[in-house]
>>> print(open('input-v2.txt').read())   # compact mmCIF, C-alpha atoms and all ligand atoms
# COMPACT_ATOMS: atom_id res chain seq x y z
CA MET A 309 29.06 5.35 -10.02
CA ASN A 310 28.47 3.78 -13.43
CA ILE A 311 25.34 2.07 -14.71
CA HIS A 312 24.52 -0.20 -17.63
CA GLU A 313 23.45 1.00 -21.07
CA TYR A 314 19.87 -0.26 -20.66
CA GLN A 315 19.53 1.55 -17.32
CA ALA A 316 20.89 4.78 -18.78
CA LYS A 317 18.41 4.52 -21.65
CA GLU A 318 15.54 4.01 -19.18
CA LEU A 319 16.57 7.22 -17.43
CA LEU A 320 16.98 9.20 -20.64
CA ALA A 321 13.59 8.03 -21.92
CA LYS A 322 12.01 9.55 -18.79
CA TYR A 323 13.35 12.92 -19.96
CA GLY A 324 11.69 12.48 -23.33
CA ILE A 325 14.88 11.49 -25.15
CA GLY A 326 14.47 9.05 -28.04
CA VAL A 327 15.94 5.57 -27.57
CA PRO A 328 15.15 2.33 -29.44
CA THR A 329 12.73 0.04 -27.59
CA GLY A 330 14.46 -2.76 -25.72
CA TYR A 331 14.36 -5.05 -22.69
CA PRO A 332 17.07 -6.38 -20.38
CA ALA A 333 17.54 -10.14 -20.02
CA LEU A 334 19.39 -12.25 -17.47
CA THR A 335 18.77 -15.62 -19.12
CA VAL A 336 18.43 -17.04 -22.63
CA GLU A 337 14.68 -17.48 -22.01
CA GLU A 338 14.31 -13.84 -21.00
CA ALA A 339 16.19 -12.80 -24.13
CA VAL A 340 13.73 -14.77 -26.27
CA GLU A 341 10.76 -13.26 -24.39
CA ALA A 342 12.25 -9.79 -24.91
CA ALA A 343 12.63 -10.37 -28.65
CA LYS A 344 9.01 -11.56 -28.89
CA LYS A 345 7.85 -8.22 -27.48
CA LEU A 346 9.72 -6.34 -30.23
CA PRO A 347 8.33 -5.85 -33.75
CA GLY A 348 11.35 -7.32 -35.58
CA PRO A 349 12.49 -8.35 -38.15
CA LEU A 350 15.86 -6.94 -37.02
CA TYR A 351 16.95 -7.33 -33.39
CA VAL A 352 20.17 -6.36 -31.64
CA VAL A 353 21.55 -8.39 -28.74
CA LYS A 354 23.93 -6.32 -26.63
CA ALA A 355 26.20 -7.49 -23.82
CA GLN A 356 25.73 -5.28 -20.75
CA ILE A 357 29.07 -4.63 -19.08
CA HIS A 358 30.50 -1.41 -17.67
CA ALA A 359 32.87 -0.98 -20.61
CA GLY A 360 32.69 0.21 -24.19
CA GLY A 361 34.07 -1.23 -27.40
CA ARG A 362 31.72 -4.22 -27.12
CA GLY A 363 30.94 -4.39 -30.82
CA LYS A 364 34.58 -5.00 -31.68
CA GLY A 365 35.20 -7.08 -28.54
CA LYS A 366 36.03 -10.81 -28.48
CA PHE A 367 34.72 -13.55 -26.23
CA ALA A 368 37.53 -15.41 -24.49
CA GLU A 369 35.66 -18.73 -24.65
CA LEU A 370 34.57 -18.50 -28.31
CA PRO A 371 36.59 -19.00 -31.52
CA ALA A 372 38.49 -15.89 -32.68
CA ASP A 373 36.18 -15.36 -35.66
CA ALA A 374 33.00 -15.40 -33.50
CA LYS A 375 30.92 -12.22 -33.41
CA GLY A 376 31.47 -9.63 -30.67
CA GLY A 377 29.30 -8.24 -27.88
CA VAL A 378 26.83 -6.29 -30.06
CA ARG A 379 25.07 -8.58 -32.54
CA LEU A 380 22.45 -7.99 -35.17
CA ALA A 381 19.96 -10.87 -35.21
CA LYS A 382 17.48 -11.49 -38.02
CA SER A 383 15.16 -13.88 -36.18
CA ILE A 384 14.12 -14.93 -32.67
CA GLU A 385 16.18 -18.13 -33.15
CA ASP A 386 19.24 -15.97 -33.84
CA VAL A 387 18.55 -13.94 -30.71
CA GLN A 388 18.42 -17.20 -28.75
CA ALA A 389 21.71 -18.44 -30.25
CA ASP A 390 23.43 -15.11 -29.59
CA ALA A 391 22.16 -15.02 -26.00
CA ARG A 392 23.53 -18.56 -25.46
CA ASP A 393 26.88 -17.49 -26.91
CA MET A 394 27.21 -14.43 -24.72
CA LEU A 395 25.73 -15.13 -21.29
CA GLY A 396 28.30 -16.31 -18.77
CA ASN A 397 31.18 -15.78 -21.18
CA THR A 398 34.00 -13.26 -20.89
CA LEU A 399 34.02 -10.28 -23.21
CA VAL A 400 37.39 -8.65 -23.82
CA THR A 401 37.30 -5.12 -25.27
CA VAL A 402 39.79 -2.25 -25.53
CA GLN A 403 38.28 -0.90 -22.31
CA THR A 404 38.09 -4.03 -20.14
CA GLY A 405 41.81 -4.87 -20.05
CA GLU A 406 43.06 -8.35 -20.91
CA ALA A 407 41.06 -10.08 -18.19
CA GLY A 408 37.77 -8.99 -19.80
CA LYS A 409 34.39 -8.92 -18.08
CA GLN A 410 31.87 -11.66 -17.59
CA VAL A 411 28.57 -10.98 -19.34
CA ASN A 412 25.70 -11.53 -16.91
CA ARG A 413 23.09 -9.30 -18.51
CA LEU A 414 21.93 -8.69 -22.03
CA TYR A 415 19.86 -6.00 -23.66
CA VAL A 416 17.64 -7.06 -26.54
CA THR A 417 16.66 -4.08 -28.61
CA ASP A 418 15.11 -2.97 -31.88
CA GLY A 419 17.39 -3.00 -34.89
CA VAL A 420 17.63 0.53 -36.26
CA ASP A 421 18.06 1.46 -39.90
CA ILE A 422 20.98 3.87 -39.52
CA ALA A 423 21.52 6.72 -41.99
CA LYS A 424 24.39 8.41 -40.10
CA GLU A 425 26.21 8.08 -36.79
CA TYR A 426 27.19 11.08 -34.62
CA TYR A 427 28.98 11.61 -31.33
CA LEU A 428 27.74 13.64 -28.34
CA SER A 429 29.03 13.63 -24.80
CA MET A 430 28.79 15.76 -21.69
CA VAL A 431 31.27 16.19 -18.87
CA VAL A 432 31.84 18.50 -15.95
CA ASP A 433 34.74 20.50 -17.32
CA ARG A 434 37.07 21.66 -14.58
CA ALA A 435 38.95 24.12 -16.79
CA SER A 436 35.84 26.21 -17.52
CA SER A 437 33.93 25.23 -14.33
CA ARG A 438 30.99 24.45 -16.57
CA ILE A 439 29.22 21.52 -18.10
CA ALA A 440 30.68 20.94 -21.54
CA MET A 441 28.92 19.34 -24.47
CA ILE A 442 31.30 17.70 -26.91
CA VAL A 443 29.94 16.88 -30.34
CA SER A 444 31.30 15.45 -33.55
CA THR A 445 30.06 14.27 -36.92
CA GLU A 446 32.42 11.31 -36.52
CA GLY A 447 30.21 9.01 -34.46
CA GLY A 448 30.41 5.27 -33.89
CA MET A 449 34.18 5.20 -33.86
CA ASP A 450 36.94 5.66 -31.38
CA ILE A 451 36.57 9.32 -30.36
CA GLU A 452 40.09 9.42 -28.88
CA GLU A 453 41.41 8.61 -32.34
CA VAL A 454 39.27 11.38 -33.88
CA ALA A 455 40.55 13.84 -31.24
CA HIS A 456 44.10 12.84 -32.07
CA SER A 457 44.07 12.80 -35.86
CA THR A 458 41.26 15.26 -36.77
CA PRO A 459 40.65 17.50 -33.75
CA GLU A 460 38.88 20.05 -35.97
CA LYS A 461 36.00 17.57 -36.24
CA ILE A 462 35.23 17.92 -32.54
CA THR A 463 33.33 20.92 -31.16
CA THR A 464 33.09 21.76 -27.47
CA ILE A 465 30.26 23.94 -26.20
CA THR A 466 30.26 25.04 -22.57
CA ILE A 467 27.11 26.06 -20.70
CA ASP A 468 27.11 28.78 -18.07
CA PRO A 469 25.32 27.33 -15.00
CA ALA A 470 23.93 30.78 -14.13
CA THR A 471 21.85 30.97 -17.32
CA GLY A 472 21.52 27.26 -18.00
CA PHE A 473 20.92 25.80 -21.43
CA MET A 474 20.03 28.54 -23.93
CA PRO A 475 18.61 28.22 -27.46
CA HIS A 476 21.98 29.25 -28.93
CA HIS A 477 23.62 26.21 -27.33
CA GLY A 478 21.16 23.98 -29.16
CA ARG A 479 21.84 25.80 -32.43
CA SER A 480 25.59 25.36 -31.92
CA VAL A 481 25.10 21.61 -31.45
CA ALA A 482 23.00 21.34 -34.62
CA PHE A 483 25.54 23.44 -36.54
CA ALA A 484 28.50 21.35 -35.35
CA LEU A 485 26.67 18.20 -36.46
CA LYS A 486 26.02 19.86 -39.86
CA LEU A 487 22.28 19.32 -39.52
CA SER A 488 19.53 21.38 -41.11
CA GLY A 489 15.73 21.53 -41.21
CA ASP A 490 13.82 19.13 -38.94
CA LEU A 491 16.95 17.27 -37.91
CA ALA A 492 18.54 20.51 -36.70
CA LYS A 493 15.41 21.21 -34.64
CA ALA A 494 15.51 17.66 -33.26
CA ALA A 495 19.17 18.15 -32.26
CA GLN A 496 18.29 21.41 -30.45
CA LYS A 497 15.50 19.72 -28.51
CA LEU A 498 17.61 16.68 -27.76
CA SER A 499 20.58 18.66 -26.44
CA LYS A 500 18.29 20.72 -24.19
CA LYS A 501 16.74 17.56 -22.73
CA LEU A 502 20.17 16.01 -22.25
CA TYR A 503 21.28 19.05 -20.28
CA GLU A 504 18.15 18.79 -18.13
CA ALA A 505 18.74 15.11 -17.47
CA PHE A 506 22.45 15.63 -16.78
CA THR A 507 21.91 18.35 -14.18
CA ALA A 508 18.78 16.88 -12.59
CA LEU A 509 20.45 13.49 -12.10
CA ASP A 510 23.81 14.87 -10.88
CA CYS A 511 25.71 13.12 -13.65
CA ASP A 512 29.41 13.55 -14.04
CA MET A 513 29.63 12.00 -17.49
CA LEU A 514 27.21 11.13 -20.25
CA GLU A 515 28.43 9.77 -23.56
CA ILE A 516 26.31 8.93 -26.58
CA ASN A 517 28.25 7.06 -29.22
CA PRO A 518 26.62 6.71 -31.59
CA LEU A 519 23.76 9.15 -31.69
CA VAL A 520 22.06 8.16 -34.93
CA GLU A 521 19.98 9.67 -37.64
CA THR A 522 17.57 6.96 -38.75
CA ALA A 523 16.47 6.35 -42.31
CA GLY A 524 13.12 7.80 -41.18
CA GLY A 525 14.77 11.08 -40.18
CA GLU A 526 14.70 10.68 -36.40
CA LEU A 527 17.54 11.22 -33.91
CA LEU A 528 18.01 8.26 -31.55
CA VAL A 529 20.44 7.43 -28.78
CA LEU A 530 21.86 4.08 -29.90
CA ASP A 531 24.53 3.60 -27.27
CA THR A 532 25.12 5.48 -24.06
CA LYS A 533 27.27 5.47 -20.98
CA MET A 534 26.36 7.42 -17.88
CA SER A 535 28.13 7.99 -14.62
CA PHE A 536 27.05 9.83 -11.51
CA ASP A 537 28.63 11.92 -8.79
CA SER A 538 28.74 9.45 -5.88
CA ASN A 539 28.51 12.28 -3.36
CA ALA A 540 25.09 13.23 -4.74
CA LEU A 541 23.65 9.72 -4.93
CA TYR A 542 21.71 10.20 -1.71
CA ARG A 543 19.46 12.51 -3.70
CA HIS A 544 18.68 9.79 -6.24
CA PRO A 545 17.67 6.50 -4.61
CA ASP A 546 16.31 5.30 -7.97
CA VAL A 547 19.74 5.76 -9.55
CA GLU A 548 21.51 4.25 -6.56
CA ALA A 549 19.32 1.15 -6.92
CA MET A 550 20.82 0.67 -10.40
CA ARG A 551 24.25 -0.02 -8.96
CA ASP A 552 25.67 -3.36 -10.13
CA GLU A 553 28.36 -4.30 -7.63
CA THR A 554 29.50 -7.26 -9.73
CA GLU A 555 30.93 -4.70 -12.18
CA GLU A 556 33.03 -2.97 -9.54
CA ASP A 557 36.33 -3.79 -7.90
CA PRO A 558 35.38 -5.95 -4.87
CA MET A 559 37.76 -4.04 -2.60
CA GLU A 560 36.25 -0.73 -3.66
CA VAL A 561 32.76 -2.12 -2.96
CA GLU A 562 33.86 -3.22 0.52
CA ALA A 563 35.43 0.20 1.16
CA SER A 564 32.26 2.02 0.12
CA LYS A 565 30.30 0.10 2.80
CA TYR A 566 32.44 1.83 5.42
CA ASP A 567 32.40 5.15 3.62
CA LEU A 568 36.14 4.93 2.97
CA ALA A 569 37.60 6.66 -0.07
CA TYR A 570 39.58 3.78 -1.59
CA ILE A 571 41.00 3.39 -5.07
CA LYS A 572 43.01 0.37 -6.09
CA LEU A 573 46.33 1.14 -7.82
CA ASP A 574 49.09 -0.95 -9.40
CA GLY A 575 51.96 -0.69 -6.90
CA ASP A 576 52.91 -2.82 -3.90
CA ILE A 577 52.84 -0.45 -0.92
CA GLY A 578 49.46 -0.23 0.77
CA CYS A 579 48.67 3.20 2.22
CA MET A 580 46.33 4.17 5.02
CA VAL A 581 46.07 7.90 5.43
CA ASN A 582 43.60 10.46 6.75
CA GLY A 583 42.76 13.35 4.49
CA ALA A 584 42.86 13.36 0.70
CA GLY A 585 45.73 15.86 0.55
CA LEU A 586 47.88 13.84 2.90
CA ALA A 587 47.01 10.69 0.95
CA MET A 588 48.18 12.31 -2.29
CA THR A 589 51.39 13.47 -0.62
CA THR A 590 51.99 10.00 0.78
CA MET A 591 51.65 8.47 -2.67
CA ASP A 592 54.03 11.08 -4.10
CA ILE A 593 56.68 10.46 -1.49
CA ILE A 594 56.51 6.70 -1.99
CA LYS A 595 57.17 7.30 -5.69
CA LEU A 596 59.96 9.74 -4.85
CA ASN A 597 61.63 6.94 -2.93
CA GLY A 598 61.42 4.59 -5.89
CA SER A 599 58.29 2.49 -5.23
CA PHE A 600 54.61 2.62 -6.15
CA PRO A 601 51.47 2.81 -4.00
CA ALA A 602 49.02 -0.13 -4.11
CA ASN A 603 46.08 2.10 -3.33
CA PHE A 604 44.77 5.48 -2.41
CA LEU A 605 42.94 5.28 0.91
CA ASP A 606 41.53 8.16 2.86
CA VAL A 607 39.93 7.01 6.13
CA GLY A 608 38.52 10.49 6.64
CA GLY A 609 38.65 12.97 9.46
CA GLY A 610 36.36 11.36 12.02
CA ALA A 611 37.11 7.68 11.58
CA THR A 612 36.23 5.16 14.30
CA THR A 613 38.16 2.08 15.35
CA GLU A 614 35.76 -0.01 13.21
CA LYS A 615 36.50 2.09 10.17
CA VAL A 616 40.25 1.84 10.65
CA THR A 617 39.93 -1.93 11.14
CA ALA A 618 37.92 -2.24 7.93
CA ALA A 619 40.46 -0.09 6.06
CA PHE A 620 43.30 -2.21 7.28
CA LYS A 621 41.59 -5.44 6.28
CA ILE A 622 40.86 -4.11 2.80
CA ILE A 623 44.52 -3.20 2.29
CA LEU A 624 45.64 -6.59 3.54
CA SER A 625 43.19 -8.47 1.33
CA ASP A 626 45.05 -7.17 -1.72
CA PRO A 627 47.63 -9.84 -2.68
CA ALA A 628 49.76 -7.20 -4.43
CA VAL A 629 50.49 -5.46 -1.12
CA LYS A 630 54.04 -6.19 0.05
CA GLY A 631 54.20 -3.58 2.77
CA ILE A 632 51.97 -1.02 4.48
CA LEU A 633 52.54 2.60 5.31
CA VAL A 634 50.17 4.18 7.79
CA ASN A 635 50.46 7.95 7.82
CA ILE A 636 48.10 9.71 10.16
CA PHE A 637 47.83 13.23 11.35
CA GLY A 638 45.68 13.23 14.47
CA GLY A 639 43.51 16.30 14.24
CA ILE A 640 39.83 15.46 14.64
CA MET A 641 40.89 11.82 14.63
CA ARG A 642 43.07 11.01 17.62
CA CYS A 643 46.26 9.00 17.26
CA ASP A 644 45.21 6.53 19.98
CA THR A 645 42.03 5.66 18.05
CA ILE A 646 44.09 4.93 14.96
CA ALA A 647 46.59 2.91 16.96
CA GLU A 648 43.81 0.80 18.51
CA GLY A 649 42.35 0.12 15.09
CA ILE A 650 45.71 -0.93 13.70
CA VAL A 651 46.36 -3.31 16.59
CA ILE A 652 42.89 -4.91 16.42
CA ALA A 653 43.03 -5.32 12.66
CA ALA A 654 46.60 -6.60 12.58
CA LYS A 655 45.67 -9.23 15.16
CA GLU A 656 42.50 -10.26 13.33
CA VAL A 657 44.20 -10.55 9.98
CA GLU A 658 47.50 -12.31 9.89
CA LEU A 659 49.98 -9.52 9.29
CA ASP A 660 52.72 -11.01 7.13
CA VAL A 661 54.08 -7.87 5.52
CA PRO A 662 56.17 -5.07 7.05
CA LEU A 663 54.18 -2.23 8.58
CA VAL A 664 55.56 1.29 9.04
CA VAL A 665 53.49 3.74 11.06
CA ARG A 666 53.93 7.46 11.28
CA LEU A 667 51.66 9.20 13.76
CA GLU A 668 51.59 12.88 14.55
CA GLY A 669 49.14 15.19 16.30
CA THR A 670 46.54 14.73 19.06
CA ASN A 671 47.38 12.03 21.63
CA VAL A 672 50.44 11.03 19.63
CA GLN A 673 52.27 9.62 22.66
CA GLN A 674 49.31 7.44 23.72
CA GLY A 675 49.11 6.20 20.15
CA LYS A 676 52.80 5.35 19.99
CA ASP A 677 52.57 3.56 23.35
CA ILE A 678 49.65 1.42 22.18
CA LEU A 679 51.65 0.35 19.13
CA ALA A 680 54.87 -0.26 21.09
CA ASN A 681 53.06 -2.40 23.68
CA SER A 682 51.00 -4.35 21.18
CA GLY A 683 53.50 -7.16 20.70
CA LEU A 684 53.27 -6.59 16.95
CA SER A 685 56.34 -5.87 14.87
CA ILE A 686 55.46 -2.35 13.87
CA ILE A 687 58.20 -0.08 12.58
CA PRO A 688 57.70 3.45 13.92
CA ALA A 689 58.70 6.47 11.86
CA ASP A 690 59.31 10.05 12.93
CA ASP A 691 58.19 11.96 9.88
CA LEU A 692 56.84 11.38 6.41
CA GLY A 693 60.23 11.25 4.68
CA ASP A 694 61.52 8.77 7.24
CA ALA A 695 58.36 6.65 6.93
CA ALA A 696 58.55 6.44 3.13
CA LYS A 697 62.26 5.53 3.19
CA LYS A 698 61.63 2.80 5.76
CA ILE A 699 58.71 1.11 4.01
CA VAL A 700 60.39 1.23 0.58
CA ALA A 701 63.57 -0.27 2.06
CA GLN A 702 61.59 -3.01 3.83
CA VAL A 703 59.69 -4.01 0.70
CA LYS A 704 62.82 -3.97 -1.48
CA GLU A 705 64.68 -6.07 1.08
CA ALA A 706 61.91 -8.69 1.17
CA ALA A 707 61.72 -8.90 -2.64
P1 LIG A 801 30.03 -0.41 -28.29
O1 LIG A 801 30.31 1.06 -28.39
O2 LIG A 801 30.22 -0.94 -26.92
O3 LIG A 801 30.76 -1.21 -29.33
P2 LIG A 801 27.43 0.16 -29.53
O4 LIG A 801 26.10 0.06 -28.89
O5 LIG A 801 27.93 1.51 -29.85
O6 LIG A 801 28.46 -0.64 -28.62
O7 LIG A 801 27.35 -0.72 -30.84
C1 LIG A 801 28.37 -0.76 -31.82
C2 LIG A 801 27.77 -0.51 -33.19
O8 LIG A 801 26.72 -1.44 -33.43
C3 LIG A 801 27.11 0.85 -33.33
O9 LIG A 801 28.04 1.85 -33.73
C4 LIG A 801 26.07 0.60 -34.38
O10 LIG A 801 26.62 0.73 -35.67
C5 LIG A 801 25.67 -0.84 -34.14
N1 LIG A 801 24.41 -0.90 -33.35
C6 LIG A 801 24.28 -0.83 -32.02
N2 LIG A 801 22.99 -0.86 -31.62
C7 LIG A 801 22.26 -0.95 -32.76
C8 LIG A 801 20.85 -1.01 -33.06
N3 LIG A 801 19.92 -0.98 -32.09
N4 LIG A 801 20.47 -1.11 -34.36
C9 LIG A 801 21.40 -1.13 -35.35
N5 LIG A 801 22.72 -1.07 -35.14
C10 LIG A 801 23.16 -0.99 -33.88
MG MG A 802 29.26 2.74 -28.66
>>> encode(input="input-v2.txt", output="structure tokens")
Amino acid sequence: MNIHEYQAKELLAKYGIGVPTGYPALTVEEAVEAAKKLPGPLYVVKAQIHAGGRGKGKFAELPADAKGGVRLAKSIEDVQADARDMLGNTLVTVQTGEAGKQVNRLYVTDGVDIAKEYYLSMVVDRASSRIAMIVSTEGGMDIEEVAHSTPEKITTITIDPATGFMPHHGRSVAFALKLSGDLAKAAQKLSKKLYEAFTALDCDMLEINPLVETAGGELLVLDTKMSFDSNALYRHPDVEAMRDETEEDPMEVEASKYDLAYIKLDGDIGCMVNGAGLAMTTMDIIKLNGSFPANFLDVGGGATTEKVTAAFKIILSDPAVKGILVNIFGGIMRCDTIAEGIVIAAKEVELDVPLVVRLEGTNVQQGKDILANSGLSIIPADDLGDAAKKIVAQVKEAA
């Protein structure tokens, strides 16, 4: 789960990490009120969307030479004008895709006198099975570009979970950022606190770009992105409350209500599968047969009829879906339960695309009978290869 910049900064501040003062705003009036609480004379009005590249972004509704989604304002009147410009409009950045994202929230924050911009991020690194801290002196810019053209300017430090964050990790961060004296000490403290926050909050990604050295010699987090391990959210109701569903894919939001693992993809064959491994295999075999999956969907091991119905409706609500492949192995989940769910859902939602079903496992015959007697035009398949061939052929024929 992702959160907004202002929410991430609120969390980091609780761990004693330095961030500029700022307030969120949902309306132009709130933006003005926020600015009045700040000392001035320099304010920054920042669009809050779950995507980066806002500074260089463009608003679809504004002239091409209008300012982007991060604006320096020199007076309260400027803050007001910028808030009017941004709220409700669509910001297109390198990370939003062409459609862009509507700006519904702003963050009005202190303007900082920047001496230098740095980069610092943290991820759970699968290769080393550790949390990795990635730092670079090249902050504020596109880090992918830095990684590509000057990889020597990026340093990765991994932290052994058994010992946790040690003083030498902090020194390595300060060294990689070429800091000395008080700033080096500040970087050591900051990186230790970031590690504490990252582990305590069950983050899976934290990116600070830029981390800045101010003219006054302080280190401040100027921009940050944070995302959390969804499976650990139950431990953090305060973080869960920060969820902004308007930023998420509506189908993925619906799926999460039923505890379904659903990810929207670009193809045209909807998949309903139980078990993540089987779901991956199903996507592979669709590709092997020359088509692309429209989604990844794992209904889980112990799904109920309600869950299957919900899954089916979510797949069908995607206009890109031109055919559906249901591939179920009845282990914990019985084939008749799946079959009932399919029949109920297909009757509730008008099924106007071909549907291929492959069932195997517990109560497979009962399941097949339910489908055969349902009066629905369901194409049965004997095995996975057969199922993939059939659905791909059906979709290609209809095209
Ligand atoms: P994004 O990465 O989405 O473009 P940032 O918050 O990183 O958004 O802002 C882009 C640039 O704007 C920063 O690299 C920095 O130079 C400037 N900036 C952002 N916030 C402030 C601030 N509070 N004071 C001064 N400059 C800022
Ligand atoms: Mg940034």
>>> closest_residue(input="input-v2.txt", among="A:Glu614, A:Asp490, A:Asp421, A:Glu460", to="Pro349 in chain A", atoms="only C-alpha atoms")
A:Asp421
>>> residues_near_ligand(input="input-v2.txt", ligand="ligand MG 802 (chain A)", cutoff="12 Å", atoms="only C-alpha atoms and all ligand atoms", output="PyMOL selection string")
chain A and resi 313+354-356+358-365+377-378+401+403+425-429+447-451+515-520+529-533
>>> closest_residue(input="input-v2.txt", among="A:Lys595, A:Lys375, A:Lys461, A:Lys655", to="ligand LIG 801 (chain A)", atoms="all atoms listed in the file")
A:Lys375
>>> closest_residue(input="input-v2.txt", among="A:Asp592, A:Asp644, A:Glu337, A:Asp433", to="Ala389 in chain A", atoms="all atoms listed in the file")
A:Glu337
>>> atom_distance(input="input-v2.txt", atom1="CA of Leu487 in chain A", atom2="CA of Ala455 in chain A")
20.8 Å
>>> closest_residue(input="input-v2.txt", among="A:Lys322, A:Lys615, A:Arg392, A:Lys630", to="Val340 in chain A", atoms="all atoms listed in the file")
A:Arg392
>>> closest_residue(input="input-v2.txt", among="A:Ala492, A:Ala602, A:Ala381, A:Ala696", to="ligand LIG 801 (chain A)", atoms="all atoms listed in the file")
A:Ala381
>>> atom_distance(input="input-v2.txt", atom1="CA of Glu318 in chain A", atom2="CA of Glu446 in chain A")
25.3 Å
>>> atom_distance(input="input-v2.txt", atom1="CA of Leu624 in chain A", atom2="CA of Val700 in chain A")
17.0 Å
>>> closest_residue(input="input-v2.txt", among="A:Ser538, A:Ser383, A:Thr522, A:Gln702", to="ligand LIG 801 (chain A)", atoms="all atoms listed in the file")
A:Thr522
>>> residues_around(input="input-v2.txt", residues="range 500-505 of chain A", least_positions_apart="5", cutoff="7 Å", atoms="all atoms listed in the file", output="VMD selection string")
chain A and resid 320 323 325 473 478
>>> residues_around(input="input-v2.txt", residues="Val616 in chain A", least_positions_apart="3", cutoff="7 Å", atoms="all atoms listed in the file", output="list of chain:residue names")
A:Val607, A:Ala611, A:Thr612, A:Thr613, A:Ala619, A:Phe620, A:Ile646, A:Gly649, A:Ile650
>>> write_last_selection(input="input-v2.txt", atoms="C-alpha atoms", output="CSV table (one decimal), in the coordinates of the input")
chain,number,residue,atom,x,y,z
A,607,VAL,CA,39.9,7.0,6.1
A,611,ALA,CA,37.1,7.7,11.6
A,612,THR,CA,36.2,5.2,14.3
A,613,THR,CA,38.2,2.1,15.4
A,619,ALA,CA,40.5,-0.1,6.1
A,620,PHE,CA,43.3,-2.2,7.3
A,646,ILE,CA,44.1,4.9,15.0
A,649,GLY,CA,42.4,0.1,15.1
A,650,ILE,CA,45.7,-0.9,13.7
>>> residues_around(input="input-v2.txt", residues="Met559 in chain A", least_positions_apart="5", cutoff="10 Å", atoms="only C-alpha atoms", output="NGL selection string")
:A and (564 or 570-572 or 619 or 621-623 or 625-626)
>>> residues_around(input="input-v2.txt", residues="Tyr415 in chain A", least_positions_apart="5", cutoff="9 Å", atoms="all atoms listed in the file", output="PyMOL selection string")
chain A and resi 313-314+330-334+339+342+352-356
>>> residues_near_point(input="input-v2.txt", point="(27.2, 24.5, -36.8)", cutoff="12 Å", atoms="all atoms listed in the file", output="PyMOL selection string")
chain A and resi 443-445+461-465+476-488+492+495-496
>>> residues_around(input="input-v2.txt", residues="Asn539 in chain A", least_positions_apart="4", cutoff="12 Å", atoms="all atoms listed in the file", output="JSON, numbers by chain")
{"A": [309, 509, 510, 511, 512, 543, 544, 548, 564, 567, 569]}
